[in-house]
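**Student:** I'd like to ask some things about the structure below.
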Amino acid sequence: MMSNIIKQLSIFVNNEPGRLAHISSVLKECNINMRAFNLAESTEFGILRAIVDNPDEAYDALKLKGIIAKKTDVIGVYLEDHPGALFMAADALGKANINIEYGYAYSYKDKAIFFIRVDDPVKAVEVIGKQGIKLVSDSEI
Amino acid sequence: MFWNEKIECMPQEELKKLQYDELKTLIEKLYNNNQFYHDRMEAKGVKPEDIKCLEDISKLPFMFKQDLRDYYPTKLFTVPNNQVVRYHVSSGTTGKPTLVGYTEGDIGYWSEALARSLTSAGIGPDDVLQVCYGYGLFTGGLGLHYGGEKVGATVLPASTGNSERQIELMMDLGVTAIACTPSYFIHLMGVAKKMGVDFRKDTKLRVAILGAEPWSESMKKKIEDETGVEAFDIYGTSEQAGPMFSDCPCHNGIHIAADIMYVEVIDPETEEILPPGEKGELVVTMLQKEAFPLVRYRIKDMTRILTDPCPCGRTSPRIERITGRSDDMLIVRGINVFPSQIEYTLMQIPEVGDQYMIYVTREGALDNMKIQVELKPEAFSDNMENMLKLRSRIESALKKYLNIAVVVELKEPGELPRFEGKAKRVIDNRVI
């Protein structure tokens, strides 16, 4: 079944040389493609958040290699290529009292997608849908 | 200068006789009045009448820090509670802390030992002694305070912290002597420099009584060269009473008041008594202790006994500055830290895995402790704020238990070293 809730992989990364390379090589070995990613960091560790083409398979592969990962629900909002596109989506969520924990953008040719982690993804899908803003479905990834 | 010349310079033979008399009285009292000592002596098949000379002390069983924990809080006390006038508490290895109790007599011999040490450092009624050891459960502050008052000095109970104010008071009150940890003194030197204060020109500081943590000859030289102060090395742990014994102006070892404490040095593996001059583990017997006696206590400090005559005239044996430990205890900013305490605290936190590493470094004068912990996979959160909260929760738990601030780093499982055989989880990079 198609869903507008996308499974993102969140991966714990020790903040030291070569760690990211190691994680990406595991993904490569398993033939997993990263569509978009973002890296949050503190002093000694980071959280790699990635949208991959097969999150369940990727998750199992990482787990097998002893890498800490988690599947997190996010939504992907298509942003039209004009000023105010981000405002529309963010404003709708704000008015519905939905909190954005973090977000990151992906753009390819004329397409721009804003992946966001919100505290209530189900409600967020509903609110954004009502605004007539297009959401990414998991089958598109 | 002597506080108690008769005893401090007593001929060796007389001193040994005095020690033997004290030991015999102590052992008889303990055997007859205290279940713990009675049982321990029975188990080793030794009776008070077997102690026929001072050397027979070797027949007596050892005591360990574990005993203090097992018999916590007061089961090793040999006097009724109404004779105990004070408690001090130091951190234990795991769980329970170590409690020490004092009768009026105990405070008496403790102050007496300090009076001898302070007098030998030239401190007397004309001096103002700034005590920057912590006042409270730690023995340093109140110990030096009583010793200072006993020699008639004016004591300034400054305790620790607020370093700028410490230096202002030092100048305003004409402080001539200071007692603190060597690292705190070096810290004060740095603060004074920032304030534009020159110890030589702007203060009357002459003497520093430094101890409660390991320090080296090079640290001593740095302190003396940069401030013009004469540094003395003071030794004593809470089990013994607190800081008590120091070196004399000849600076060739710490004089142990022989009527107060009997020292042996043993090979920690074979438990064999080593001859003077050989390095091993210090074993102490407190000859005048009342509330909570200590017989052949394995204090775990490594040193050697020096018996060659000291030009100062004191006849007591001396020990070399403590150079290390025969266990894994760390002294960080003057506070005793056992890796087992850290492990114990970490294991109470469900998110933390089994592996951890402890790093100790010294930046300037201050010790820093960093603890790396492996996270359990299920504890990982995609939310950075939750992760940082977890990290500070671990830091607060450790701080609460160890009484010092630590930095925690979260690591992924499998990241920290695994050990075959004896784990080496402590990396002490301090150069002292």
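We label chains A, B, ... in the order they appear in the structure tokens, count residues from 1 in each chain, and number ligands from 1 in the order shown.
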Residues of chain A that approach chain B to 10 Å or less, counting only C-alpha atoms: could you list each one with the shortest pair of atoms and its distance in Å to one decimal, rows by chain and increasing residue number, as JSON lines?

**Tutor:**
```
{"residue": "A:Gln8", "atom": "CA", "partner": "B:Asp382", "partner_atom": "CA", "distance": 9.9}
{"residue": "A:Leu9", "atom": "CA", "partner": "B:Asp382", "partner_atom": "CA", "distance": 8.9}
{"residue": "A:Ser10", "atom": "CA", "partner": "B:Asp382", "partner_atom": "CA", "distance": 5.8}
{"residue": "A:Ile11", "atom": "CA", "partner": "B:Asp382", "partner_atom": "CA", "distance": 7.8}
{"residue": "A:Phe12", "atom": "CA", "partner": "B:Glu412", "partner_atom": "CA", "distance": 7.0}
{"residue": "A:Val13", "atom": "CA", "partner": "B:Glu412", "partner_atom": "CA", "distance": 7.4}
{"residue": "A:Asn14", "atom": "CA", "partner": "B:Lys411", "partner_atom": "CA", "distance": 6.2}
{"residue": "A:Asn15", "atom": "CA", "partner": "B:Lys411", "partner_atom": "CA", "distance": 8.9}
{"residue": "A:Ala40", "atom": "CA", "partner": "B:Met384", "partner_atom": "CA", "distance": 7.5}
{"residue": "A:Glu41", "atom": "CA", "partner": "B:Met384", "partner_atom": "CA", "distance": 8.1}
{"residue": "A:Ser42", "atom": "CA", "partner": "B:Met384", "partner_atom": "CA", "distance": 8.1}
{"residue": "A:Thr43", "atom": "CA", "partner": "B:Glu409", "partner_atom": "CA", "distance": 8.3}
{"residue": "A:Glu44", "atom": "CA", "partner": "B:Glu409", "partner_atom": "CA", "distance": 6.1}
{"residue": "A:Phe45", "atom": "CA", "partner": "B:Leu410", "partner_atom": "CA", "distance": 6.9}
{"residue": "A:Gly46", "atom": "CA", "partner": "B:Met384", "partner_atom": "CA", "distance": 8.5}
{"residue": "A:Ile47", "atom": "CA", "partner": "B:Asp382", "partner_atom": "CA", "distance": 6.9}
{"residue": "A:Leu48", "atom": "CA", "partner": "B:Asp382", "partner_atom": "CA", "distance": 8.8}
{"residue": "A:Arg49", "atom": "CA", "partner": "B:Asp382", "partner_atom": "CA", "distance": 8.1}
{"residue": "A:Lys63", "atom": "CA", "partner": "B:Pro377", "partner_atom": "CA", "distance": 9.3}
{"residue": "A:Gly66", "atom": "CA", "partner": "B:Pro413", "partner_atom": "CA", "distance": 7.2}
{"residue": "A:Ile67", "atom": "CA", "partner": "B:Glu412", "partner_atom": "CA", "distance": 7.4}
{"residue": "A:Ile68", "atom": "CA", "partner": "B:Pro377", "partner_atom": "CA", "distance": 5.4}
{"residue": "A:Ala69", "atom": "CA", "partner": "B:Pro377", "partner_atom": "CA", "distance": 7.6}
{"residue": "A:Lys70", "atom": "CA", "partner": "B:Asp382", "partner_atom": "CA", "distance": 7.2}
{"residue": "A:Lys71", "atom": "CA", "partner": "B:Asp382", "partner_atom": "CA", "distance": 8.6}
{"residue": "A:Thr72", "atom": "CA", "partner": "B:Asp382", "partner_atom": "CA", "distance": 7.2}
{"residue": "A:Glu101", "atom": "CA", "partner": "B:Asn383", "partner_atom": "CA", "distance": 7.8}
{"residue": "A:Tyr102", "atom": "CA", "partner": "B:Asn383", "partner_atom": "CA", "distance": 8.8}
{"residue": "A:Arg117", "atom": "CA", "partner": "B:Asn383", "partner_atom": "CA", "distance": 9.6}
```

**Student:** If we count only C-alpha atoms, what is near Cys30 of chain A at a cut-off of 9 Å, once residues fewer than 4 positions away on the same chain are taken out, given as a CSV table (one decimal) with all heavy atoms, in the first residue's frame?

**Tutor:**
```csv
chain,number,residue,atom,x,y,z
A,25,SER,N,30.2,2.5,2.9
A,25,SER,CA,30.7,1.3,2.2
A,25,SER,C,29.7,0.1,2.5
A,25,SER,O,29.5,-0.7,1.6
A,25,SER,CB,32.1,1.0,2.6
A,25,SER,OG,32.2,0.3,3.8
A,26,VAL,N,29.2,0.1,3.7
A,26,VAL,CA,28.2,-1.0,4.0
A,26,VAL,C,27.0,-0.8,3.1
A,26,VAL,O,26.5,-1.8,2.6
A,26,VAL,CB,27.8,-1.0,5.5
A,26,VAL,CG1,26.7,-1.9,5.8
A,26,VAL,CG2,29.0,-1.3,6.4
A,57,GLU,N,15.6,-3.2,4.1
A,57,GLU,CA,16.8,-4.0,3.7
A,57,GLU,C,18.1,-3.3,4.3
A,57,GLU,O,18.9,-4.0,4.8
A,57,GLU,CB,16.9,-4.1,2.2
A,57,GLU,CG,17.6,-5.4,1.7
A,57,GLU,CD,17.4,-5.5,0.2
A,57,GLU,OE1,16.4,-5.9,-0.3
A,57,GLU,OE2,18.4,-5.1,-0.4
A,58,ALA,N,18.1,-2.0,4.1
A,58,ALA,CA,19.3,-1.3,4.6
A,58,ALA,C,19.4,-1.4,6.1
A,58,ALA,O,20.5,-1.6,6.6
A,58,ALA,CB,19.1,0.2,4.1
A,61,ALA,N,20.8,-4.7,7.0
A,61,ALA,CA,22.2,-4.8,6.6
A,61,ALA,C,23.1,-4.1,7.6
A,61,ALA,O,24.1,-4.6,8.1
A,61,ALA,CB,22.4,-4.3,5.2
```

**Student:** If I take atom CA of Leu210 of chain B and atom CA of Gly324 of chain B, how far is one from the other in Å, to one decimal?

**Tutor:**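 Computing the Euclidean distance for atom CA of Leu210 of chain B and atom CA of Gly324 of chain B yields 16.7 Å.
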
**Student:** Identify all residues of chain A in strand (DSSP E or B) (DSSP on the backbone) and supply them as a PyMOL selection string.

**Tutor:** chain A and resi 5-14+34-41+45-52+69-79+100-108+111-118+135

**Student:** Using C-alpha atoms, can you export the residues from the last selection as a short mmCIF file (atom, residue, chain, number, x, y, z; two decimals), in the first residue's frame?

**Tutor:**
```cif
data_model
loop_
_atom_site.label_atom_id
_atom_site.label_comp_id
_atom_site.auth_asym_id
_atom_site.auth_seq_id
_atom_site.Cartn_x
_atom_site.Cartn_y
_atom_site.Cartn_z
CA ILE A 5 4.91 8.42 5.49
CA ILE A 6 8.46 7.62 4.53
CA LYS A 7 10.86 5.52 6.52
CA GLN A 8 14.08 7.37 7.06
CA LEU A 9 17.19 5.62 8.38
CA SER A 10 18.83 7.33 11.34
CA ILE A 11 22.35 6.10 11.93
CA PHE A 12 24.62 6.76 14.89
CA VAL A 13 28.05 7.84 13.66
CA ASN A 14 31.09 8.18 15.87
CA MET A 34 20.87 7.09 -0.79
CA ARG A 35 18.38 9.61 -2.20
CA ALA A 36 18.93 12.33 0.31
CA PHE A 37 20.77 12.66 3.55
CA ASN A 38 21.64 15.01 6.33
CA LEU A 39 24.16 14.92 9.14
CA ALA A 40 23.55 16.33 12.63
CA GLU A 41 26.54 16.47 14.90
CA PHE A 45 29.04 11.68 17.59
CA GLY A 46 26.68 12.50 14.78
CA ILE A 47 23.33 11.30 13.52
CA LEU A 48 23.22 10.48 9.83
CA ARG A 49 19.69 10.69 8.48
CA ALA A 50 19.19 9.12 5.09
CA ILE A 51 16.37 8.49 2.68
CA VAL A 52 17.25 5.23 0.93
CA ALA A 69 20.37 2.48 13.21
CA LYS A 70 16.75 3.28 13.63
CA LYS A 71 13.82 3.69 11.29
CA THR A 72 12.17 7.05 11.73
CA ASP A 73 8.95 8.26 10.10
CA VAL A 74 9.32 11.43 8.08
CA ILE A 75 7.27 13.10 5.38
CA GLY A 76 8.47 14.52 2.08
CA VAL A 77 6.87 17.71 0.81
CA TYR A 78 7.18 18.75 -2.85
CA LEU A 79 8.12 22.38 -2.95
CA ILE A 100 9.10 20.32 13.12
CA GLU A 101 12.04 18.62 14.80
CA TYR A 102 14.31 18.92 11.81
CA GLY A 103 14.24 18.92 8.07
CA TYR A 104 16.48 18.79 5.03
CA ALA A 105 16.00 19.49 1.39
CA TYR A 106 16.70 17.56 -1.75
CA SER A 107 16.50 19.01 -5.20
CA TYR A 108 16.92 17.42 -8.58
CA LYS A 111 12.03 19.12 -8.36
CA ALA A 112 12.61 20.15 -4.77
CA ILE A 113 11.62 17.98 -1.82
CA PHE A 114 11.69 18.98 1.82
CA PHE A 115 11.99 15.96 4.11
CA ILE A 116 10.72 16.78 7.55
CA ARG A 117 10.52 15.02 10.86
CA VAL A 118 7.49 16.14 12.79
CA LEU A 135 3.56 14.84 -0.73
#
```

**Student:** Identify which of the residues B:Cys132, B:Ile427, B:Cys310, B:Leu287 lies closest to Glu8 of chain B, counting only C-alpha atoms when measuring atom-to-atom distances.

**Tutor:**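 For Glu8 of chain B, the nearest of the candidates is B:Cys310.
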
**Student:** I need the alpha helix (DSSP H) residues of segment 31-92 of chain A per DSSP on the backbone, written as JSON, numbers by chain.

**Tutor:** {"A": [55, 56, 57, 58, 59, 60, 61, 62, 63, 64, 85, 86, 87, 88, 89, 90, 91, 92]}

**Student:** Using N, CA, C and O atoms, can you export the residues from the last selection as a short mmCIF file (atom, residue, chain, number, x, y, z; two decimals), in the first residue's frame?

**Tutor:**
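Listing of result02.cif after writing:
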```cif
data_model
loop_
_atom_site.label_atom_id
_atom_site.label_comp_id
_atom_site.auth_asym_id
_atom_site.auth_seq_id
_atom_site.Cartn_x
_atom_site.Cartn_y
_atom_site.Cartn_z
N PRO A 55 14.57 0.98 2.72
CA PRO A 55 14.94 1.18 4.13
C PRO A 55 14.98 -0.09 4.97
O PRO A 55 15.88 -0.24 5.81
N ASP A 56 14.03 -1.02 4.74
CA ASP A 56 14.01 -2.24 5.58
C ASP A 56 15.25 -3.08 5.35
O ASP A 56 15.89 -3.54 6.30
N GLU A 57 15.61 -3.24 4.09
CA GLU A 57 16.80 -4.03 3.74
C GLU A 57 18.07 -3.35 4.28
O GLU A 57 18.94 -3.99 4.84
N ALA A 58 18.11 -2.04 4.10
CA ALA A 58 19.28 -1.28 4.56
C ALA A 58 19.43 -1.38 6.08
O ALA A 58 20.52 -1.57 6.61
N TYR A 59 18.30 -1.28 6.75
CA TYR A 59 18.31 -1.36 8.21
C TYR A 59 18.90 -2.71 8.67
O TYR A 59 19.77 -2.76 9.54
N ASP A 60 18.41 -3.79 8.06
CA ASP A 60 18.89 -5.12 8.44
C ASP A 60 20.38 -5.27 8.16
O ASP A 60 21.12 -5.85 8.95
N ALA A 61 20.82 -4.72 7.01
CA ALA A 61 22.22 -4.83 6.64
C ALA A 61 23.11 -4.09 7.64
O ALA A 61 24.15 -4.61 8.09
N LEU A 62 22.69 -2.91 8.03
CA LEU A 62 23.48 -2.12 8.98
C LEU A 62 23.52 -2.82 10.34
O LEU A 62 24.55 -2.90 10.99
N LYS A 63 22.39 -3.34 10.74
CA LYS A 63 22.29 -4.01 12.04
C LYS A 63 23.23 -5.21 12.09
O LYS A 63 23.92 -5.43 13.09
N LEU A 64 23.26 -5.93 10.97
CA LEU A 64 24.13 -7.10 10.87
C LEU A 64 25.60 -6.71 11.04
O LEU A 64 26.42 -7.47 11.55
N ALA A 85 7.07 28.90 -1.20
CA ALA A 85 6.64 27.50 -1.20
C ALA A 85 6.87 26.84 0.15
O ALA A 85 6.01 26.14 0.68
N LEU A 86 8.03 27.13 0.72
CA LEU A 86 8.35 26.56 2.03
C LEU A 86 7.42 27.14 3.09
O LEU A 86 6.93 26.45 3.97
N PHE A 87 7.15 28.45 2.94
CA PHE A 87 6.29 29.11 3.92
C PHE A 87 4.93 28.44 4.02
O PHE A 87 4.43 28.17 5.11
N MET A 88 4.35 28.11 2.89
CA MET A 88 3.02 27.51 2.87
C MET A 88 2.97 26.24 3.72
O MET A 88 2.08 26.05 4.54
N ALA A 89 3.94 25.38 3.47
CA ALA A 89 3.97 24.10 4.20
C ALA A 89 4.23 24.32 5.68
O ALA A 89 3.53 23.79 6.55
N ALA A 90 5.22 25.15 5.98
CA ALA A 90 5.61 25.37 7.38
C ALA A 90 4.48 26.06 8.14
O ALA A 90 4.20 25.73 9.29
N ASP A 91 3.85 26.99 7.48
CA ASP A 91 2.78 27.74 8.12
C ASP A 91 1.60 26.83 8.45
O ASP A 91 1.02 26.91 9.54
N ALA A 92 1.27 25.93 7.50
CA ALA A 92 0.16 25.02 7.73
C ALA A 92 0.44 24.13 8.95
O ALA A 92 -0.43 23.93 9.80
#
```

**Student:** Report the distance between atom CA of Gly280 of chain B and atom CA of Gly141 of chain B in Å, rounded to one decimal place.

**Tutor:**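 Straight-line distance from atom CA of Gly280 of chain B to atom CA of Gly141 of chain B works out to 29.3 Å.
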
**Student:** Considering only C-alpha atoms, return as an mmCIF file with C-alpha atoms, in the first residue's frame whatever protein or nucleic-acid residues lie within 10 Å of Gly228 of chain B, sequence-local ones (same chain, fewer than 3 positions apart) excluded.

**Tutor:**
```cif
data_model
loop_
_atom_site.group_PDB
_atom_site.id
_atom_site.type_symbol
_atom_site.label_atom_id
_atom_site.label_comp_id
_atom_site.auth_asym_id
_atom_site.auth_seq_id
_atom_site.Cartn_x
_atom_site.Cartn_y
_atom_site.Cartn_z
ATOM 1 C CA PHE B 199 53.569 36.389 45.174
ATOM 2 C CA ARG B 200 57.054 37.682 46.004
ATOM 3 C CA LYS B 201 56.240 41.399 46.013
ATOM 4 C CA LEU B 205 53.433 34.049 51.610
ATOM 5 C CA ARG B 206 56.431 32.041 52.762
ATOM 6 C CA VAL B 207 55.346 28.426 53.179
ATOM 7 C CA LYS B 221 60.430 23.138 41.814
ATOM 8 C CA LYS B 222 58.048 25.052 39.563
ATOM 9 C CA ILE B 223 56.055 26.222 42.594
ATOM 10 C CA GLU B 224 59.130 27.273 44.543
ATOM 11 C CA ASP B 225 60.885 28.947 41.608
ATOM 12 C CA ALA B 231 56.833 23.853 49.666
#
```
